[in-house]
Number of protein chains: 4
Amino acid sequence: MDKKPSISPDEPKVKRGFDQKVFVNRSLTLENIKCYGFDMDYTLAIYKSPDYESMGFELIRDRMVSIGYPHELLRYTYDPTFPTRGLVIDTTYGNLLKVDSNGNILVCSHGFRFLKGEDIQNYYPNKFIQRDDTDRFYILNTLFNMSETYLYACLVDFFTRCSRYTNLLKGYQHGDLFMSYRSMFQDVRDAMDFIHDTGSLKERTIKNLEKYVLSDPNLTILLTRIKEVAKVFLATNSDYTYTEAIMKYLLESNVKTGSPKRSWRSFFDLVVVDTRKPLFFAGGTVLRQVDTDTGKLRIGTYTGDLQHGTVYSGGSSDIICDLLGVKGKDILYVGDHIFGDILKSKKRQGWKTFLVVPELTKELNVWEEKKNLFEELKRLDIFLAEIYKHLDSGSRECPDITAIQTRIKVLTYRMDMSYGQMGSLLRSGSRQTLFASQLMRYADLYSSTCINLLHYPFNYLFMAPPVLMPHEAASQISAEFKLSAEASQLR
Amino acid sequence: MDKKPSISPDEPKVKRGFDQKVFVNRSLTLENIKCYGFDMDYTLAIYKSPDYESMGFELIRDRMVSIGYPHELLRYTYDPTFPTRGLVIDTTYGNLLKVDSNGNILVCSHGFRFLKGEDIQNYYPNKFIQRDDTDRFYILNTLFNMSETYLYACLVDFFTRCSRYTNLLKGYQHGDLFMSYRSMFQDVRDAMDFIHDTGSLKERTIKNLEKYVLSDPNLTILLTRIKEVAKVFLATNSDYTYTEAIMKYLLESNVKTGSPKRSWRSFFDLVVVDTRKPLFFAGGTVLRQVDTDTGKLRIGTYTGDLQHGTVYSGGSSDIICDLLGVKGKDILYVGDHIFGDILKSKKRQGWKTFLVVPELTKELNVWEEKKNLFEELKRLDIFLAEIYKHLDSGSRECPDITAIQTRIKVLTYRMDMSYGQMGSLLRSGSRQTLFASQLMRYADLYSSTCINLLHYPFNYLFMAPPVLMPHEAASQISAEFKLSAEASQLR
Amino acid sequence: MDKKPSISPDEPKVKRGFDQKVFVNRSLTLENIKCYGFDMDYTLAIYKSPDYESMGFELIRDRMVSIGYPHELLRYTYDPTFPTRGLVIDTTYGNLLKVDSNGNILVCSHGFRFLKGEDIQNYYPNKFIQRDDTDRFYILNTLFNMSETYLYACLVDFFTRCSRYTNLLKGYQHGDLFMSYRSMFQDVRDAMDFIHDTGSLKERTIKNLEKYVLSDPNLTILLTRIKEVAKVFLATNSDYTYTEAIMKYLLESNVKTGSPKRSWRSFFDLVVVDTRKPLFFAGGTVLRQVDTDTGKLRIGTYTGDLQHGTVYSGGSSDIICDLLGVKGKDILYVGDHIFGDILKSKKRQGWKTFLVVPELTKELNVWEEKKNLFEELKRLDIFLAEIYKHLDSGSRECPDITAIQTRIKVLTYRMDMSYGQMGSLLRSGSRQTLFASQLMRYADLYSSTCINLLHYPFNYLFMAPPVLMPHEAASQISAEFKLSAEASQLR
Amino acid sequence: MDKKPSISPDEPKVKRGFDQKVFVNRSLTLENIKCYGFDMDYTLAIYKSPDYESMGFELIRDRMVSIGYPHELLRYTYDPTFPTRGLVIDTTYGNLLKVDSNGNILVCSHGFRFLKGEDIQNYYPNKFIQRDDTDRFYILNTLFNMSETYLYACLVDFFTRCSRYTNLLKGYQHGDLFMSYRSMFQDVRDAMDFIHDTGSLKERTIKNLEKYVLSDPNLTILLTRIKEVAKVFLATNSDYTYTEAIMKYLLESNVKTGSPKRSWRSFFDLVVVDTRKPLFFAGGTVLRQVDTDTGKLRIGTYTGDLQHGTVYSGGSSDIICDLLGVKGKDILYVGDHIFGDILKSKKRQGWKTFLVVPELTKELNVWEEKKNLFEELKRLDIFLAEIYKHLDSGSRECPDITAIQTRIKVLTYRMDMSYGQMGSLLRSGSRQTLFASQLMRYADLYSSTCINLLHYPFNYLFMAPPVLMPHEAASQISAEFKLSAEASQLR
């Protein structure tokens, strides 16, 4: 992305490549958008993978050891090919699960060992989890969760193989000590909170911004252009000090020589830190003003008109709408968190939503390369369907489809492996993940980066592909079939 | 449906027509199903429309008058062309709403008057409802709700036009009396409960079964065939007396002369009445045995093995699985209630689901007839998309698309009107309804009637059409485009 | 009570006897009360005991048999000496419990068998129940519950002794049938609801008012006098038809010859039926007007000023305050239901409360008669205390107090038996029941009947006895002791 | 308390003075207690008042200024005569309230200004709060809350009087800034959490233990004696490091020369830190072992037998009972927190409870000194009662009692002032506070310090004074009256 300073108003229009595209789940007329909102982390500020996840992994791994976990853990290093975002931890049995939108299990690993069908059924007789049971199942929805996901797998791997520990159904025994999968999960979560709360993650990020944060000069161009046609706000759960460090780096350090020096805050009509999304989209908290000199909160609540460049802390989406004088459907909110940013803003407030999915670049590349696998899967499906087509409930015929099913499994596995050990973020063979189904339900638009908005005019009409229901599609196909059949008769 | 006695084991296989098809949202291997469960009302027992809804309408209308509503209401009769299933009543403003899965308003009527864009925005500035607010919004999900839906529209129509009443935002004023939309809604609900609880609806149904209930001889064939390959149970919220009357009519009165007389209960391994779905899929209630001689409950809880033909009352889905010795994913449950039957059995128990959608016959017919409208809509969409394709965020060009947008509105309206005044159950123009999205998420299979299972062998593989995400589809299309482009170069 | 027409303005003042007294938990200046509210059942309308409970018992007993319980149950008849109000049913083990305010068990019976200490500990190792677990423990708070309480004991008695059934921990086994204590409890509750909902209880009451309802001519005097100085309302959970029948009997049939005929409604500024207390004291329901000619509800909500003698249905305590123009602390609410009437009106609305405790007449009589037992208990307590008084933590002395403890148990048992098999409503020996502690916390005033208000002027100051905390009392006593000691020295 | 090294096994028994007494709400046989549990803060470790509260006050005051509150606040210093424990903050109107158990307001201050009747009614028309509304009303139940209570009063005092701020109903306006009472409350709470979480309060305490913590040599005697007859545990919400510092000071530094050095942990069978009461009495958290060398938690959960002197972190009351092999009623739990320690252990677990109320020493002294005021109050009450005694509802007489009521108010005020500006912890005139009523309901025993247990043998019978209900007392009194009347006639 660093290599795209080429796009500027005076250059010739280029055809948008795949990784420059914005994809559409529900049609959206950009012309109607009066206000653009942005999350910061993983939205404006793209953390460099896998360096950033590696650092996070090391911090929590070291923390685990410092609270008493065995020193052998220090041997593990982050392996970006293992985890996929959107996995579910089963805190009872210590498994990592990849599930579809209904809770059916697609992939299951115990540590780094991937379980086969029968093994999965030992744990989950119905190959299904009640994912509403949030007390037991924890969804690793964000890119921040990647290091946790991997660390948890490391722990399970270590204790399972370490001869000092006896493997039990719900954890490990070592002398008088029982270590449950649940308590290990709690310890990982606490370690994660620890490195966030003590600021050690932020500190190390800020110390080495070049290494951890992508700086794209197109971002200033994008924000400048948007501000000419609409209002712009930033709404981040980060605190002011961190926000300022990151935004300065992104918007002030990249300026061409000769350009006038411009404060990062001047790119926004409104900056809100400490937003506590998803609470922000419901009741919210008290809105306070930030003293940008000291970074401290002003006491009391601001009640006056919006002043340009002012920074606030807290508040709620309702207050933001009031301050900016816009309604929910006038806002396009760009974020990376499917639950905290996108689902909540959409369901509670009716905002238009744009999900940033950094993995999409890779997903598209693999898809391009391995499309033939998917094509073969599709052909096998059609082939299978054909076999049964002319049977009815009175038929005694019993087609042998084992060979085809085996082939389907092989293809699915090969496709999955092209993405990484846990497979794609979005699918497993021909089945979609929970993440994919939520992306399709709640994000109006999505792309690998918000910079891709640059490639579209601000009066653009994002048109969703028509979604046909199975019975509509069936009718469609057969109609086309009839037409072509008729046509062929005419020849 | 009455005219389909043609399908029987000894007849030649026929190509399945559209209204004989079972449609597939998620692939399902029928061979793996060890147990079929059926709801009764609107599933095995299809009530004849509009006669049945008319009767229901009259009963609650008369009840309303008898509790004090004006006699003028008696002039209203049921109009099947007005209501569509799945509408939402806004109990605050008295409107009927058709919404999409995110709560965006597709159609809005106040009484029989359909509101235009600006009028809708007066009520709902964001053209959006927070549909989780179930205290305010009531979803009319079942076919039993059709008469209520229409009666509520009649009330609003009457009071709005009656000069004795003053129209206020949240209801009507008449002297010292204020009648809120909310209390009117409560009265309709109470009237509905009244005709159910006092049994007047059931009584009139049983008195005239020929008029109100469809009797399809294929049902006995279907159940007989299923029972040869799997377990079968009936799970209905109705009580035993009514269940017996209906099932006798469906399964015992239709027998060909010469066939041995056979009890309706013999078609099932297990019959459960008073199930109280959706509670049945969660904690459930105490399971009791029904004394089939007296129709009364036996005291105590049955603890023994399953005895064939025994009738139970209450219980839960877990108990049913235990009694039948099956797991959730072994069960295909066939029902008509998207929430109580399908969503709950799927989300809580991981059952396979088959939704009966009686409206589908009509939906398919209209779709067939008016497909050209949809085709034109699609062409306009593509045309619109093309206009913007080569612009980027630096463009100053501003295409005039008003004419196209007007045409899209006209087409959407014409499509909607082909289904009825409230439009299709499943879509409004190119946008899908909440009902459609729930159908796609929770029903593995769906069809206009469960009898259509007859047209498939019990080892059938129902294959879902592949669902591509927008970015996958985009890649697909362009690939095809590239291919054809290359091909054309070759010529 | 029938024999007290003696009180009238022109008669000489008499010293109030015990059963004519109103007792005071918290001081209350009657002069400040601007509004009196009354519940109807067991407050204005005192049902004659044990005739009324007997009838209730028979109705639910017969209902139980008609839903399948053994005919042998018909042999049981109501025994008023067994049940006490305020008992708790443990639906898991089928026991009846009398508990103190902290959930410590005072008395425990299984059927009619009273359990000894060790037996109680088998069920409840800590002799304690977590009474917040309302799913398991059901409190029989009202006089309406007396017949249920007794019937449940009959069921447990019958099945425990019937040789056809095997006794298990949580119920009875009979062949394949398991009857849990929990389902038996549910059946009793359902039977109770049945006789209420079908109106059979009310019907039989109305048919024989003389037999079941006490008619006290002083009631018209009381209401007349109150209405001269304050507003008066009736707020009952009963429906209009029943309310009218009862109130007519109480207020219109008792008039002296020569007095002008006066409608029962004229005694009240406001009559509210169908109040659904305790919901009435929280959100409430929609307020509707009752058409007193037909007994039916008027549609819509009344919004005008209060019209004298109008009857309403539903509403809430807030609406009542608005209609009457009074604030919570201006109201003295007289009711019999410790939870629905008294606790809720006090905690949620700050009303002044008067609890009618019909059992108080008997409680006072027994107390009077058996006071010597209590006195002896008290003396034993003091004696015991003395034994330990001069020991400290270094003492090795170990007084033998077994004989005294046995005597205390004997006295407690004898006291309890004077009230009935389950003992007093209010105490067990020197320990108070849950009911007693709630009475003391939530009822400002209490008496055996509301008629006793007649014996006090409407500017009366009800003065609560001073409540000293143990450390204050200790200081007090010793001070008095010192004084008298000093005094004795002087002699 | 420092001056009581006098009590030792070999000294003569002395009569217990008032401040050495343990008071009894519910009789309790110490002989049955098999296990004693202790809280640490304000129970074993009594913080010296007002030094400790002053330090807490200064820390949060300084924190407030450092987050932006005006520097003028630094002028305020802690005034121990102002706050009383158990007050309620109304976060809507910024008032401090003293209430009785039903939510009736006894005293109300706004800043340091005490409101009169009419002013109170402006805020609370019913002089009553719905104290279940915990979102609005915050109860300052613990001695730790004293500095907060006072600081909040300072804030209200300052802003009310500062001319830069305009007083509004729910807060203050200053230019564009609105400071609500609610946000001020939130800031005080956050400041309190800050000084706890950052450890600054603990740090300063540990640095100057002599100044802040009372060291009583009798404590080692008490714990030694208890351990001879029963099990002993410590259960504190504090962390291990702080617990160790405090307990060392209390139990190891006080040893007489010549006595063998003994670890503080050896006084307990079990030490549990980080208990998170009240959660500890419900579900609790994971139990972990503390490495007493490093103070860090061991990973995993301890599953073996209880080892003497082991320190645990977390867990729950159920686990503690299991580890110690005792049942709820075998335990006497000694704590200072009416809600977290006493109410919860009693209601959820049926433990016996001992509440430490350090204020009791002062309360008893004032009570002793000012008893004459209370006596006069009592006499006035009796006098008032007499005036009305012979009137009934027909009376027209209207006694003038204004003078008496004024006198009662004066006396109540004078009594209140003897305790401090907010009056007694336990009463206001003849009315008891919420704290007093909770103390009476939930604490079986109470005393100013747990050391007072030393004055009782471990087989002691704590006998509660008999509690008579008003009707019982009335009967009692009149009986005595009758007796004396009869006696006088005999003369």
# chains A, B, ... in the order shown; residues from 1 in each chain; ligands from 1
call {"tool": "closest_atom_pairs", "arguments": {"of": "range 147-211 of chain B", "to": "range 267-290 of chain C", "cutoff": "12 Å", "atoms": "only C-alpha atoms", "output": "JSON lines"}}
result
{"residue": "B:Asp176", "atom": "CA", "partner": "C:Gln289", "partner_atom": "CA", "distance": 10.7}
{"residue": "B:Leu177", "atom": "CA", "partner": "C:Gln289", "partner_atom": "CA", "distance": 9.2}
{"residue": "B:Phe178", "atom": "CA", "partner": "C:Arg288", "partner_atom": "CA", "distance": 9.8}
{"residue": "B:Met179", "atom": "CA", "partner": "C:Arg288", "partner_atom": "CA", "distance": 9.8}
{"residue": "B:Ser180", "atom": "CA", "partner": "C:Val286", "partner_atom": "CA", "distance": 9.8}
{"residue": "B:Tyr181", "atom": "CA", "partner": "C:Val286", "partner_atom": "CA", "distance": 11.9}
{"residue": "B:Arg182", "atom": "CA", "partner": "C:Val286", "partner_atom": "CA", "distance": 9.4}
{"residue": "B:Ser183", "atom": "CA", "partner": "C:Val286", "partner_atom": "CA", "distance": 7.1}
{"residue": "B:Met184", "atom": "CA", "partner": "C:Val286", "partner_atom": "CA", "distance": 10.7}
{"residue": "B:Phe185", "atom": "CA", "partner": "C:Val286", "partner_atom": "CA", "distance": 11.8}
{"residue": "B:Gln186", "atom": "CA", "partner": "C:Val286", "partner_atom": "CA", "distance": 9.4}
{"residue": "B:Asp187", "atom": "CA", "partner": "C:Val286", "partner_atom": "CA", "distance": 10.6}
call {"tool": "write_last_selection", "arguments": {"atoms": "N, CA and C atoms", "output": "compact mmCIF listing (two decimals), in the first residue's frame"}}
result
# COMPACT_ATOMS: atom_id res chain seq x y z
N ASP B 176 -63.97 12.72 26.80
CA ASP B 176 -63.01 12.47 27.88
C ASP B 176 -62.18 11.22 27.65
N LEU B 177 -62.43 10.59 26.55
CA LEU B 177 -61.84 9.28 26.31
C LEU B 177 -60.64 9.38 25.39
N PHE B 178 -59.55 8.79 25.78
CA PHE B 178 -58.41 8.72 24.88
C PHE B 178 -58.16 7.26 24.54
N MET B 179 -58.13 6.98 23.25
CA MET B 179 -57.88 5.61 22.83
C MET B 179 -56.53 5.57 22.15
N SER B 180 -55.55 4.98 22.83
CA SER B 180 -54.21 4.95 22.26
C SER B 180 -54.08 3.79 21.29
N TYR B 181 -53.18 3.93 20.32
CA TYR B 181 -52.88 2.82 19.41
C TYR B 181 -52.42 1.61 20.21
N ARG B 182 -51.76 1.89 21.30
CA ARG B 182 -51.25 0.81 22.14
C ARG B 182 -52.38 0.01 22.78
N SER B 183 -53.39 0.72 23.29
CA SER B 183 -54.48 0.00 23.95
C SER B 183 -55.32 -0.73 22.90
N MET B 184 -55.45 -0.14 21.72
CA MET B 184 -56.18 -0.84 20.65
C MET B 184 -55.45 -2.14 20.30
N PHE B 185 -54.15 -2.04 20.23
CA PHE B 185 -53.37 -3.24 19.94
C PHE B 185 -53.58 -4.28 21.03
N GLN B 186 -53.56 -3.83 22.29
CA GLN B 186 -53.76 -4.75 23.39
C GLN B 186 -55.12 -5.41 23.31
N ASP B 187 -56.13 -4.61 22.92
CA ASP B 187 -57.49 -5.17 22.81
C ASP B 187 -57.56 -6.22 21.71
call {"tool": "select_by_dssp", "arguments": {"residues": "range 292-373 of chain A", "states": "strand (DSSP E)", "output": "JSON, numbers by chain"}}
result
{"A": [301, 302, 311, 312, 313, 331, 332, 333, 334, 335, 352, 353, 354, 355, 356]}
call {"tool": "write_last_selection", "arguments": {"atoms": "N, CA and C atoms", "output": "PDB file, in the first residue's frame"}}
result
ATOM      1  N   THR A 301     -19.542  18.760  31.742  1.00  0.00           N
ATOM      2  CA  THR A 301     -19.967  18.295  30.444  1.00  0.00           C
ATOM      3  C   THR A 301     -20.114  19.476  29.533  1.00  0.00           C
ATOM      4  N   TYR A 302     -19.597  19.356  28.328  1.00  0.00           N
ATOM      5  CA  TYR A 302     -19.685  20.446  27.371  1.00  0.00           C
ATOM      6  C   TYR A 302     -21.109  20.581  26.859  1.00  0.00           C
ATOM      7  N   VAL A 311     -11.604  18.115  20.976  1.00  0.00           N
ATOM      8  CA  VAL A 311     -11.542  16.686  21.249  1.00  0.00           C
ATOM      9  C   VAL A 311     -12.398  16.390  22.471  1.00  0.00           C
ATOM     10  N   TYR A 312     -13.225  15.354  22.343  1.00  0.00           N
ATOM     11  CA  TYR A 312     -14.084  14.936  23.437  1.00  0.00           C
ATOM     12  C   TYR A 312     -13.697  13.546  23.896  1.00  0.00           C
ATOM     13  N   SER A 313     -14.158  13.236  25.094  1.00  0.00           N
ATOM     14  CA  SER A 313     -13.956  11.897  25.633  1.00  0.00           C
ATOM     15  C   SER A 313     -15.330  11.354  26.012  1.00  0.00           C
ATOM     16  N   ILE A 331     -24.973   8.839   7.999  1.00  0.00           N
ATOM     17  CA  ILE A 331     -23.598   8.559   8.416  1.00  0.00           C
ATOM     18  C   ILE A 331     -23.082   7.281   7.767  1.00  0.00           C
ATOM     19  N   LEU A 332     -21.877   7.345   7.226  1.00  0.00           N
ATOM     20  CA  LEU A 332     -21.177   6.118   6.856  1.00  0.00           C
ATOM     21  C   LEU A 332     -20.076   5.921   7.881  1.00  0.00           C
ATOM     22  N   TYR A 333     -20.186   4.843   8.639  1.00  0.00           N
ATOM     23  CA  TYR A 333     -19.199   4.600   9.687  1.00  0.00           C
ATOM     24  C   TYR A 333     -18.238   3.514   9.237  1.00  0.00           C
ATOM     25  N   VAL A 334     -16.954   3.819   9.312  1.00  0.00           N
ATOM     26  CA  VAL A 334     -15.914   2.937   8.815  1.00  0.00           C
ATOM     27  C   VAL A 334     -15.162   2.358  10.022  1.00  0.00           C
ATOM     28  N   GLY A 335     -15.218   1.046  10.189  1.00  0.00           N
ATOM     29  CA  GLY A 335     -14.543   0.438  11.332  1.00  0.00           C
ATOM     30  C   GLY A 335     -14.099  -0.969  11.011  1.00  0.00           C
ATOM     31  N   LYS A 352     -25.125   3.632   8.228  1.00  0.00           N
ATOM     32  CA  LYS A 352     -24.524   2.918   7.102  1.00  0.00           C
ATOM     33  C   LYS A 352     -23.128   2.480   7.537  1.00  0.00           C
ATOM     34  N   THR A 353     -22.711   1.317   7.095  1.00  0.00           N
ATOM     35  CA  THR A 353     -21.479   0.749   7.656  1.00  0.00           C
ATOM     36  C   THR A 353     -20.498   0.295   6.583  1.00  0.00           C
ATOM     37  N   PHE A 354     -19.229   0.478   6.902  1.00  0.00           N
ATOM     38  CA  PHE A 354     -18.125   0.097   6.013  1.00  0.00           C
ATOM     39  C   PHE A 354     -17.144  -0.687   6.876  1.00  0.00           C
ATOM     40  N   LEU A 355     -17.001  -1.980   6.596  1.00  0.00           N
ATOM     41  CA  LEU A 355     -16.092  -2.799   7.403  1.00  0.00           C
ATOM     42  C   LEU A 355     -14.734  -2.899   6.721  1.00  0.00           C
ATOM     43  N   VAL A 356     -13.700  -2.559   7.472  1.00  0.00           N
ATOM     44  CA  VAL A 356     -12.341  -2.741   6.976  1.00  0.00           C
ATOM     45  C   VAL A 356     -11.895  -4.160   7.333  1.00  0.00           C
TER      46      VAL A 356
END
call {"tool": "atom_distance", "arguments": {"atom1": "CA of Lys344 in chain C", "atom2": "CA of Leu306 in chain C"}}
result
24.9 Å
call {"tool": "residues_around", "arguments": {"residues": "Glu359 in chain C", "least_positions_apart": "6", "cutoff": "10 Å", "atoms": "only C-alpha atoms", "output": "MDAnalysis selection string"}}
result
chainID C and resid 49 84:85 143 424:426 447:449
call {"tool": "closest_residue", "arguments": {"among": "B:Leu343, B:Glu386, B:Lys409, B:Glu210", "to": "Gly117 in chain B", "atoms": "only C-alpha atoms"}}
result
B:Lys409
call {"tool": "select_by_dssp", "arguments": {"residues": "range 8-206 of chain B", "states": "helix (DSSP H, G or I)", "output": "ChimeraX atom specification"}}
result
/B:18-20,30-32,51-66,71-75,117-123,143-161,181-197,200-206
call {"tool": "residues_around", "arguments": {"residues": "range 30-46 of chain B", "least_positions_apart": "5", "cutoff": "8 Å", "atoms": "only C-alpha atoms", "output": "JSON, numbers by chain"}}
result
{"B": [143, 213, 214, 215, 219, 226, 229, 230, 231, 232, 233, 234, 235, 236, 243, 246, 247, 250, 326, 329, 330, 331, 332, 333, 334, 335, 336, 341, 356, 358, 449, 450, 458, 459, 460, 461, 462]}
call {"tool": "atom_distance", "arguments": {"atom1": "CA of Leu454 in chain A", "atom2": "CA of Leu468 in chain B"}}
result
25.5 Å
call {"tool": "residues_around", "arguments": {"residues": "Cys162 in chain A", "least_positions_apart": "5", "cutoff": "12 Å", "atoms": "only C-alpha atoms", "output": "list in words"}}
result
Pro70, Glu72, Leu73, Cys154, Leu155, Val156, Asp157, Asn167, Tyr172, Gln173 and His174 of chain A
call {"tool": "residues_around", "arguments": {"residues": "Trp367 in chain D", "least_positions_apart": "6", "cutoff": "10 Å", "atoms": "only C-alpha atoms", "output": "PyMOL selection string"}}
result
(chain C and resi 471-472+475-476) or (chain D and resi 361+373-374+415+418-419+424)
